[in-house]
Structures are given as structure tokens and as C-alpha cells.
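Visitor: Once you've had a glance at the structure underneath, I'll fire off some questions.
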Amino acid sequence: MQNTQQNNNLENIDLLLIDANIATMDPTRDTPYGIIENAALAIKNGEIVWLGEQASLPPFDAFATPTLSIKGQWLTPGLIDCHTHLVFAGSRAQEFEQRLQGVSYEQIAAQGGGIASTVKATRAADREQLFVDAKDRLNTLLKEGVTTVEIKSGYGLDTENEIKLLEVARLLGEHHPIDIKTTFLGAHALPKEYKGRADEYIDLVCNEMLEQVVAGGLADAVDVFCENVGFSYEQTKRVFAAAAKHNLPVKCHAEQLSNQHGAALVAEFNGLSADHIEYLDEQGVEAMAKVGTVAVLLPGAFYFLRETKQPPIELLNQYKVPIAIASDFNPGTSPLCSVQLMMNMACTLFRLTPEQALAGVTSNAAKALGLNDRGVLKVGARADIAHWQISHPSQLSYQFGVNKLSNLWILGKLN
Ligand code: DI6
Ligand code: FE
């Protein structure tokens, strides 16, 4: 038996799912996708209290137990989008047109467009507008089976507006069924009022901003955009050191457009993840492998920017670095609000297997957020469960736009 703490008392459970095929994504099971066929799963108080082959279900009172037959279809962990910039205002559709006429992302940023234009719109937006727009985006994700979403700040770029974004993200967590984790990304871009004074801006991020973020309990992690168009290695290091002082875990937008060695740096700080990583080299991979930093692939941004440099998938596999996949949902480089599309893209663009793609939005996405209570269906885990009308879990990566979600439970509650 794999699950030694299996609860064999099925009295007073909230729900028993039977006749299911379960892709547990539990790496301790030695089947692909951690599959258990002809399985059952019991939920109590928002947790999984039993799962296994139905033939070994302990006796239970069939009249008193709320039971649902999955009819031979599939259960997976609820999907996790571990990297989004989902709270923002405005649109960058015109910039998209410009880029298609040959202007590069870096050129647009240098002309004061790009992130700066979203910052302008976001600063002008009130909390209510930001909340309503973000709620719509979360609803879109919920409909495709997403149960946990990470949301970064980074379009405020001053203390008041960074706090505003994180407060809206926290409020979404209170009012939306999706569980929200927040990340402080004050070091996303240099605001125009700090032009030529990047180190002073980093002082603001490390001191005033971070102190207020911590005082308000507004962030679960800290992120930096370490890039030519973002912040240098040294500046990134200062932000990580400040985060460490406050015991906040760090992550990094690393090696997206060039190799700044941000991945090795985030690993040095025992960071949760290095994200994008198209330009990651072997030393960076090795550094991540040593401490278990997760590689977060963002195929939406790769596709939308029409990048050609592939992330080093073979090296990541060789060094057994856990790979997660996320939407990077944002108005500039990935206005693509779909985790299932990312799964398909991770397979077609980066040659991941459908099993790796599903692990990328479940078990490894949970790791990228430092969460060990979800992403895998096992006894003791949160009952965040998606029920799909599919004939095999590879179908979740194979197909896009055909919604096969039948039911979605978050903390055991049907949505
Ligand atoms: N890398 C990205 O792809 C996004 N942020 C980042 O650091 C882009 C954000 C934007 O263009 O608005
Ligand atoms: Fe991003």
C-alpha cells in the first residue's frame, strides 16, 4: 500500500467519488500520471481522506454516504497557474500591431510603451475596476479546471499602487473560489520618474515598499525581472537579500531575452522558481537542480513574442529539475488566459510529453509556489479535484477549446 495513513473509517464523509480513473500525479506511484484505474476517492472537511482501488474500499453505509459515480471518466488534481500578472488595467493591442510591423518588444519598452503603458493605465484604475476585470479572468480559468492561481504585482511601481494591486489580489482570494497566492514584483520595470536612477528605485523596493508589503501580510513571495530591459544581476540580488531578511521566498523572471544568470542567483537564495529561462545555460540548470528550484516554462510569452530560442528542456530533464508550466497571463507578452492552451503549447513548442505538461500544471506548479498540500491527489491533500469527460489524461494536452470539464471541487466544495 502506498498510502499508509489511509483513513479506513468512511463514516460521515462529505462525498465519495466512485467508478473513477484517477491521474493522481503522485510521483511515489510507479504508474504513468500516477494512474489508479477503477478507483474511488473520499472527501471530508475539504481534504482527501481515502483514495485507492475501489475493490479495496472499506465498508461504508451506502444509504448515508453522498456518492457520485464518475462513470469511468477521469479525475486529476485541480490545475494550478503558478505565474500570472492577472491584475492590471488597459490593453496593449496596438502595441501588438506595432510588433507585427517589425518593432521589437525591447524597442517598444525603450520608447516608453510596453510595461510603462500598462503602469499608466493601472495607476489610473481604482480598486473596483481592477477587481472586476481580474474576477472575469479568474472565472475564465475556473471554467477550465484551475483551482489555484498566483498573482504578481508589478504594474504599480510606486508604493501606493503596488500595495493597491496586492490588496486587490488578496481581496480576490477572499471572494473568489480559486485559491490565490500573491507575489510582490515591485522590481518589474523602472518607472519613468526613476529614469537613470535604477539603484534608487531598488532602494525604494527593498525598504519602503517591501516593509509595507510585509506589514500588511500582502505577499507570499518576491519576484524580480532580471533582464536588460528589467534589473541587473546585482540589483536582483539586493531585492532577494531584502526578501530573505523578511523570510519571504523568492522567484525570478530569468533568462527570458538574454542570459543574466538570474536562475543561478535565485537558486543561491534557495528560490522557489526561475521562470521563462529560454537563455538558461548548464551552470544555471545545475544550480537549480542542487536546491530544487523549479523551472517554470511560459510558452505563451515565447509564442506571443515569436521567440526562437528554446528553453534547455533536455538539460532540465537530465538534471531532473522539476518543470512547471504557467500562462504568464499579462497584457504585453501573454494575453492568453488559458492553462490548457499552455499545456498544448508546452508539448508542441517545447516538446514536453503530455504527462510532463500535466505535472507542469499540477504537482510541479504546486512546488513552484512552495505548496505541499495540493497538486497531487493523495490522502491528506486538499480536495481540489477536476473531473473530466476524457478517455485518457493525454487528452488535456492534445486538445484545446473543447471544454471537457464536468465538475470541479475546490476544498471539497463543488463549483
Ligand atoms: N516578463 C514578461 O514576459 C512580462 N513581464 C516580465 O517580466 C511582460 C509584462 C508586460 O510586457 O507587460
Ligand atoms: Fe511574467
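We name chains A, B, ... following the order of the C-alpha cells; residues begin at 1 in each chain, and ligands are numbered from 1 as shown.
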Please provide as a list in words all residues within 9 Å of Lys290 in chain A, with the sequence filter that same-chain residues fewer than 6 positions apart are discarded (counting only C-alpha atoms).
Guide: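 Selected residues are Ala267, Tyr319 and Val321 of chain A.
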Visitor: For those residues, write N, CA, C and O atoms to a file as a PDB file, in the first residue's frame.
Guide:
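Dumped to out_28.pdb:
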ATOM      1  N   ALA A 267      18.624  30.414  -7.324  1.00  0.00           N
ATOM      2  CA  ALA A 267      18.954  29.137  -6.672  1.00  0.00           C
ATOM      3  C   ALA A 267      19.849  29.369  -5.453  1.00  0.00           C
ATOM      4  O   ALA A 267      19.688  28.714  -4.421  1.00  0.00           O
ATOM      5  N   TYR A 319      19.132  16.856 -15.574  1.00  0.00           N
ATOM      6  CA  TYR A 319      19.441  17.204 -14.182  1.00  0.00           C
ATOM      7  C   TYR A 319      18.236  17.025 -13.253  1.00  0.00           C
ATOM      8  O   TYR A 319      18.284  17.389 -12.089  1.00  0.00           O
ATOM      9  N   VAL A 321      15.435  18.597 -13.008  1.00  0.00           N
ATOM     10  CA  VAL A 321      14.839  19.827 -12.469  1.00  0.00           C
ATOM     11  C   VAL A 321      13.328  19.743 -12.694  1.00  0.00           C
ATOM     12  O   VAL A 321      12.889  19.487 -13.818  1.00  0.00           O
TER      13      VAL A 321
END
Visitor: Show me which residues sit within 7 Å of ligand 1 when counting only C-alpha atoms and all ligand atoms, and put them as a list in words.
Guide: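 The neighbouring residues of ligand 1 are, in order, Gly114, Ile115, Thr118, His188, Phe225, His253, Ala301, Asp328, Asn330, Pro331, Gly332, Thr333 and Ser334 of chain A.
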Visitor: Identify which of the residues A:Asp81, A:Asp199, A:Glu282, A:Glu53 lies closest to ligand 2, counting only C-alpha atoms and all ligand atoms when measuring atom-to-atom distances.
Guide: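 Among the listed residues, A:Asp81 lies closest to ligand 2.
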Visitor: For chain A against ligand 2, with a cut-off of 12 Å and counting only C-alpha atoms and all ligand atoms, what is the closest atom pair and its distance in Å to one decimal for every residue that makes the cut, ordered by chain and number, as JSON lines?
Guide:
{"residue": "A:Asp81", "atom": "CA", "partner": "ligand 2", "partner_atom_place_in_ligand_line": "1 (Fe)", "distance": 11.7}
{"residue": "A:Cys82", "atom": "CA", "partner": "ligand 2", "partner_atom_place_in_ligand_line": "1 (Fe)", "distance": 10.1}
{"residue": "A:His83", "atom": "CA", "partner": "ligand 2", "partner_atom_place_in_ligand_line": "1 (Fe)", "distance": 6.4}
{"residue": "A:Thr84", "atom": "CA", "partner": "ligand 2", "partner_atom_place_in_ligand_line": "1 (Fe)", "distance": 6.2}
{"residue": "A:His85", "atom": "CA", "partner": "ligand 2", "partner_atom_place_in_ligand_line": "1 (Fe)", "distance": 6.4}
{"residue": "A:Leu86", "atom": "CA", "partner": "ligand 2", "partner_atom_place_in_ligand_line": "1 (Fe)", "distance": 9.9}
{"residue": "A:Ile115", "atom": "CA", "partner": "ligand 2", "partner_atom_place_in_ligand_line": "1 (Fe)", "distance": 11.1}
{"residue": "A:Glu150", "atom": "CA", "partner": "ligand 2", "partner_atom_place_in_ligand_line": "1 (Fe)", "distance": 10.8}
{"residue": "A:Ile151", "atom": "CA", "partner": "ligand 2", "partner_atom_place_in_ligand_line": "1 (Fe)", "distance": 9.8}
{"residue": "A:Lys152", "atom": "CA", "partner": "ligand 2", "partner_atom_place_in_ligand_line": "1 (Fe)", "distance": 8.2}
{"residue": "A:Ser153", "atom": "CA", "partner": "ligand 2", "partner_atom_place_in_ligand_line": "1 (Fe)", "distance": 10.2}
{"residue": "A:Gly154", "atom": "CA", "partner": "ligand 2", "partner_atom_place_in_ligand_line": "1 (Fe)", "distance": 9.5}
{"residue": "A:Tyr155", "atom": "CA", "partner": "ligand 2", "partner_atom_place_in_ligand_line": "1 (Fe)", "distance": 11.4}
{"residue": "A:Thr183", "atom": "CA", "partner": "ligand 2", "partner_atom_place_in_ligand_line": "1 (Fe)", "distance": 11.0}
{"residue": "A:Phe184", "atom": "CA", "partner": "ligand 2", "partner_atom_place_in_ligand_line": "1 (Fe)", "distance": 12.0}
{"residue": "A:Leu185", "atom": "CA", "partner": "ligand 2", "partner_atom_place_in_ligand_line": "1 (Fe)", "distance": 9.5}
{"residue": "A:Ala187", "atom": "CA", "partner": "ligand 2", "partner_atom_place_in_ligand_line": "1 (Fe)", "distance": 11.8}
{"residue": "A:His188", "atom": "CA", "partner": "ligand 2", "partner_atom_place_in_ligand_line": "1 (Fe)", "distance": 8.9}
{"residue": "A:Ala189", "atom": "CA", "partner": "ligand 2", "partner_atom_place_in_ligand_line": "1 (Fe)", "distance": 11.5}
{"residue": "A:Asp223", "atom": "CA", "partner": "ligand 2", "partner_atom_place_in_ligand_line": "1 (Fe)", "distance": 9.4}
{"residue": "A:Val224", "atom": "CA", "partner": "ligand 2", "partner_atom_place_in_ligand_line": "1 (Fe)", "distance": 9.5}
{"residue": "A:Phe225", "atom": "CA", "partner": "ligand 2", "partner_atom_place_in_ligand_line": "1 (Fe)", "distance": 8.0}
{"residue": "A:Cys226", "atom": "CA", "partner": "ligand 2", "partner_atom_place_in_ligand_line": "1 (Fe)", "distance": 11.1}
{"residue": "A:Glu227", "atom": "CA", "partner": "ligand 2", "partner_atom_place_in_ligand_line": "1 (Fe)", "distance": 11.9}
{"residue": "A:Gly230", "atom": "CA", "partner": "ligand 2", "partner_atom_place_in_ligand_line": "1 (Fe)", "distance": 11.7}
{"residue": "A:Lys251", "atom": "CA", "partner": "ligand 2", "partner_atom_place_in_ligand_line": "1 (Fe)", "distance": 10.8}
{"residue": "A:Cys252", "atom": "CA", "partner": "ligand 2", "partner_atom_place_in_ligand_line": "1 (Fe)", "distance": 9.0}
{"residue": "A:His253", "atom": "CA", "partner": "ligand 2", "partner_atom_place_in_ligand_line": "1 (Fe)", "distance": 6.4}
{"residue": "A:Ala254", "atom": "CA", "partner": "ligand 2", "partner_atom_place_in_ligand_line": "1 (Fe)", "distance": 9.7}
{"residue": "A:Glu255", "atom": "CA", "partner": "ligand 2", "partner_atom_place_in_ligand_line": "1 (Fe)", "distance": 11.8}
{"residue": "A:Gln256", "atom": "CA", "partner": "ligand 2", "partner_atom_place_in_ligand_line": "1 (Fe)", "distance": 9.6}
{"residue": "A:Ser273", "atom": "CA", "partner": "ligand 2", "partner_atom_place_in_ligand_line": "1 (Fe)", "distance": 12.0}
{"residue": "A:Ala274", "atom": "CA", "partner": "ligand 2", "partner_atom_place_in_ligand_line": "1 (Fe)", "distance": 10.6}
{"residue": "A:Asp275", "atom": "CA", "partner": "ligand 2", "partner_atom_place_in_ligand_line": "1 (Fe)", "distance": 7.5}
{"residue": "A:His276", "atom": "CA", "partner": "ligand 2", "partner_atom_place_in_ligand_line": "1 (Fe)", "distance": 7.8}
{"residue": "A:Ile277", "atom": "CA", "partner": "ligand 2", "partner_atom_place_in_ligand_line": "1 (Fe)", "distance": 11.3}
{"residue": "A:Val296", "atom": "CA", "partner": "ligand 2", "partner_atom_place_in_ligand_line": "1 (Fe)", "distance": 10.1}
{"residue": "A:Leu297", "atom": "CA", "partner": "ligand 2", "partner_atom_place_in_ligand_line": "1 (Fe)", "distance": 10.3}
{"residue": "A:Leu298", "atom": "CA", "partner": "ligand 2", "partner_atom_place_in_ligand_line": "1 (Fe)", "distance": 8.0}
{"residue": "A:Pro299", "atom": "CA", "partner": "ligand 2", "partner_atom_place_in_ligand_line": "1 (Fe)", "distance": 11.1}
{"residue": "A:Gly300", "atom": "CA", "partner": "ligand 2", "partner_atom_place_in_ligand_line": "1 (Fe)", "distance": 10.2}
{"residue": "A:Ala301", "atom": "CA", "partner": "ligand 2", "partner_atom_place_in_ligand_line": "1 (Fe)", "distance": 8.3}
{"residue": "A:Phe302", "atom": "CA", "partner": "ligand 2", "partner_atom_place_in_ligand_line": "1 (Fe)", "distance": 11.2}
{"residue": "A:Ile325", "atom": "CA", "partner": "ligand 2", "partner_atom_place_in_ligand_line": "1 (Fe)", "distance": 11.8}
{"residue": "A:Ala326", "atom": "CA", "partner": "ligand 2", "partner_atom_place_in_ligand_line": "1 (Fe)", "distance": 9.2}
{"residue": "A:Ser327", "atom": "CA", "partner": "ligand 2", "partner_atom_place_in_ligand_line": "1 (Fe)", "distance": 8.5}
{"residue": "A:Asp328", "atom": "CA", "partner": "ligand 2", "partner_atom_place_in_ligand_line": "1 (Fe)", "distance": 4.8}
{"residue": "A:Phe329", "atom": "CA", "partner": "ligand 2", "partner_atom_place_in_ligand_line": "1 (Fe)", "distance": 7.4}
{"residue": "A:Asn330", "atom": "CA", "partner": "ligand 2", "partner_atom_place_in_ligand_line": "1 (Fe)", "distance": 7.2}
{"residue": "A:Pro331", "atom": "CA", "partner": "ligand 2", "partner_atom_place_in_ligand_line": "1 (Fe)", "distance": 10.3}
{"residue": "A:Gly332", "atom": "CA", "partner": "ligand 2", "partner_atom_place_in_ligand_line": "1 (Fe)", "distance": 9.7}
{"residue": "A:Thr333", "atom": "CA", "partner": "ligand 2", "partner_atom_place_in_ligand_line": "1 (Fe)", "distance": 8.2}
{"residue": "A:Ser334", "atom": "CA", "partner": "ligand 2", "partner_atom_place_in_ligand_line": "1 (Fe)", "distance": 8.5}
{"residue": "A:Pro335", "atom": "CA", "partner": "ligand 2", "partner_atom_place_in_ligand_line": "1 (Fe)", "distance": 11.1}
Visitor: Once DSSP has gone over the backbone, tell me which residues of range 34-180 of chain A are in helix (DSSP H, G or I), as a VMD selection string.
Guide: chain A and resid 34 54 to 56 93 to 100 105 to 110 115 to 124 127 to 143 159 to 175
Visitor: What does the file look like for those residues with C-alpha atoms, as a PDB file, in the first residue's frame?
Guide:
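Heads up, here's the output in again06.pdb:
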ATOM      1  CA  GLY A  34       0.268   8.107 -11.040  1.00  0.00           C
ATOM      2  CA  GLN A  54     -12.479   0.675  -5.486  1.00  0.00           C
ATOM      3  CA  ALA A  55     -12.213  -3.039  -4.770  1.00  0.00           C
ATOM      4  CA  SER A  56     -10.367  -2.217  -1.560  1.00  0.00           C
ATOM      5  CA  ALA A  93      -3.494  45.533 -28.707  1.00  0.00           C
ATOM      6  CA  GLN A  94      -1.982  48.464 -30.586  1.00  0.00           C
ATOM      7  CA  GLU A  95       1.477  47.514 -29.451  1.00  0.00           C
ATOM      8  CA  PHE A  96       0.740  44.053 -30.823  1.00  0.00           C
ATOM      9  CA  GLU A  97       0.074  45.671 -34.193  1.00  0.00           C
ATOM     10  CA  GLN A  98       3.336  47.616 -33.968  1.00  0.00           C
ATOM     11  CA  ARG A  99       5.273  44.498 -33.184  1.00  0.00           C
ATOM     12  CA  LEU A 100       3.785  42.752 -36.189  1.00  0.00           C
ATOM     13  CA  TYR A 105       9.480  44.312 -27.570  1.00  0.00           C
ATOM     14  CA  GLU A 106      12.689  45.968 -26.314  1.00  0.00           C
ATOM     15  CA  GLN A 107      12.291  48.916 -28.756  1.00  0.00           C
ATOM     16  CA  ILE A 108       8.713  49.476 -27.617  1.00  0.00           C
ATOM     17  CA  ALA A 109       9.855  49.402 -23.984  1.00  0.00           C
ATOM     18  CA  ALA A 110      12.624  51.927 -24.786  1.00  0.00           C
ATOM     19  CA  ILE A 115       5.114  47.723 -19.359  1.00  0.00           C
ATOM     20  CA  ALA A 116       5.094  51.522 -18.823  1.00  0.00           C
ATOM     21  CA  SER A 117       1.825  51.918 -20.709  1.00  0.00           C
ATOM     22  CA  THR A 118       0.140  49.276 -18.545  1.00  0.00           C
ATOM     23  CA  VAL A 119       1.557  51.020 -15.465  1.00  0.00           C
ATOM     24  CA  LYS A 120      -0.086  54.279 -16.552  1.00  0.00           C
ATOM     25  CA  ALA A 121      -3.477  52.621 -17.035  1.00  0.00           C
ATOM     26  CA  THR A 122      -3.164  50.610 -13.825  1.00  0.00           C
ATOM     27  CA  ARG A 123      -2.239  53.610 -11.691  1.00  0.00           C
ATOM     28  CA  ALA A 124      -5.306  55.419 -13.036  1.00  0.00           C
ATOM     29  CA  ARG A 127      -9.627  49.030  -6.898  1.00  0.00           C
ATOM     30  CA  GLU A 128     -13.139  48.220  -8.014  1.00  0.00           C
ATOM     31  CA  GLN A 129     -12.306  48.254 -11.717  1.00  0.00           C
ATOM     32  CA  LEU A 130      -9.180  46.176 -11.152  1.00  0.00           C
ATOM     33  CA  PHE A 131     -11.160  43.702  -9.049  1.00  0.00           C
ATOM     34  CA  VAL A 132     -13.969  43.292 -11.577  1.00  0.00           C
ATOM     35  CA  ASP A 133     -11.622  42.806 -14.545  1.00  0.00           C
ATOM     36  CA  ALA A 134      -9.453  40.339 -12.637  1.00  0.00           C
ATOM     37  CA  LYS A 135     -12.513  38.414 -11.452  1.00  0.00           C
ATOM     38  CA  ASP A 136     -13.575  37.859 -15.069  1.00  0.00           C
ATOM     39  CA  ARG A 137     -10.136  36.478 -15.878  1.00  0.00           C
ATOM     40  CA  LEU A 138     -10.272  34.161 -12.859  1.00  0.00           C
ATOM     41  CA  ASN A 139     -13.708  32.946 -13.962  1.00  0.00           C
ATOM     42  CA  THR A 140     -12.220  32.040 -17.342  1.00  0.00           C
ATOM     43  CA  LEU A 141      -9.541  29.980 -15.611  1.00  0.00           C
ATOM     44  CA  LEU A 142     -12.052  28.379 -13.243  1.00  0.00           C
ATOM     45  CA  LYS A 143     -14.094  27.145 -16.207  1.00  0.00           C
ATOM     46  CA  THR A 159       4.395  52.154  -3.054  1.00  0.00           C
ATOM     47  CA  GLU A 160       0.743  53.159  -3.163  1.00  0.00           C
ATOM     48  CA  ASN A 161      -0.030  51.335  -6.387  1.00  0.00           C
ATOM     49  CA  GLU A 162       1.978  48.188  -5.689  1.00  0.00           C
ATOM     50  CA  ILE A 163       0.057  47.908  -2.403  1.00  0.00           C
ATOM     51  CA  LYS A 164      -3.195  48.543  -4.271  1.00  0.00           C
ATOM     52  CA  LEU A 165      -2.527  45.626  -6.645  1.00  0.00           C
ATOM     53  CA  LEU A 166      -1.616  43.226  -3.862  1.00  0.00           C
ATOM     54  CA  GLU A 167      -4.668  44.246  -1.843  1.00  0.00           C
ATOM     55  CA  VAL A 168      -6.896  43.603  -4.854  1.00  0.00           C
ATOM     56  CA  ALA A 169      -5.240  40.194  -5.294  1.00  0.00           C
ATOM     57  CA  ARG A 170      -5.838  39.357  -1.613  1.00  0.00           C
ATOM     58  CA  LEU A 171      -9.450  40.503  -1.933  1.00  0.00           C
ATOM     59  CA  LEU A 172      -9.914  38.225  -4.941  1.00  0.00           C
ATOM     60  CA  GLY A 173      -8.641  35.386  -2.756  1.00  0.00           C
ATOM     61  CA  GLU A 174     -11.360  36.140  -0.224  1.00  0.00           C
ATOM     62  CA  HIS A 175     -14.193  36.476  -2.729  1.00  0.00           C
TER      63      HIS A 175
END
Visitor: Which is closest to Val239 in chain A among A:Gly284, A:Gly90, A:Gly186, A:Gly112, if we use only C-alpha atoms?
Guide: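 Checking each candidate against Val239 in chain A, we get A:Gly186 as the closest.
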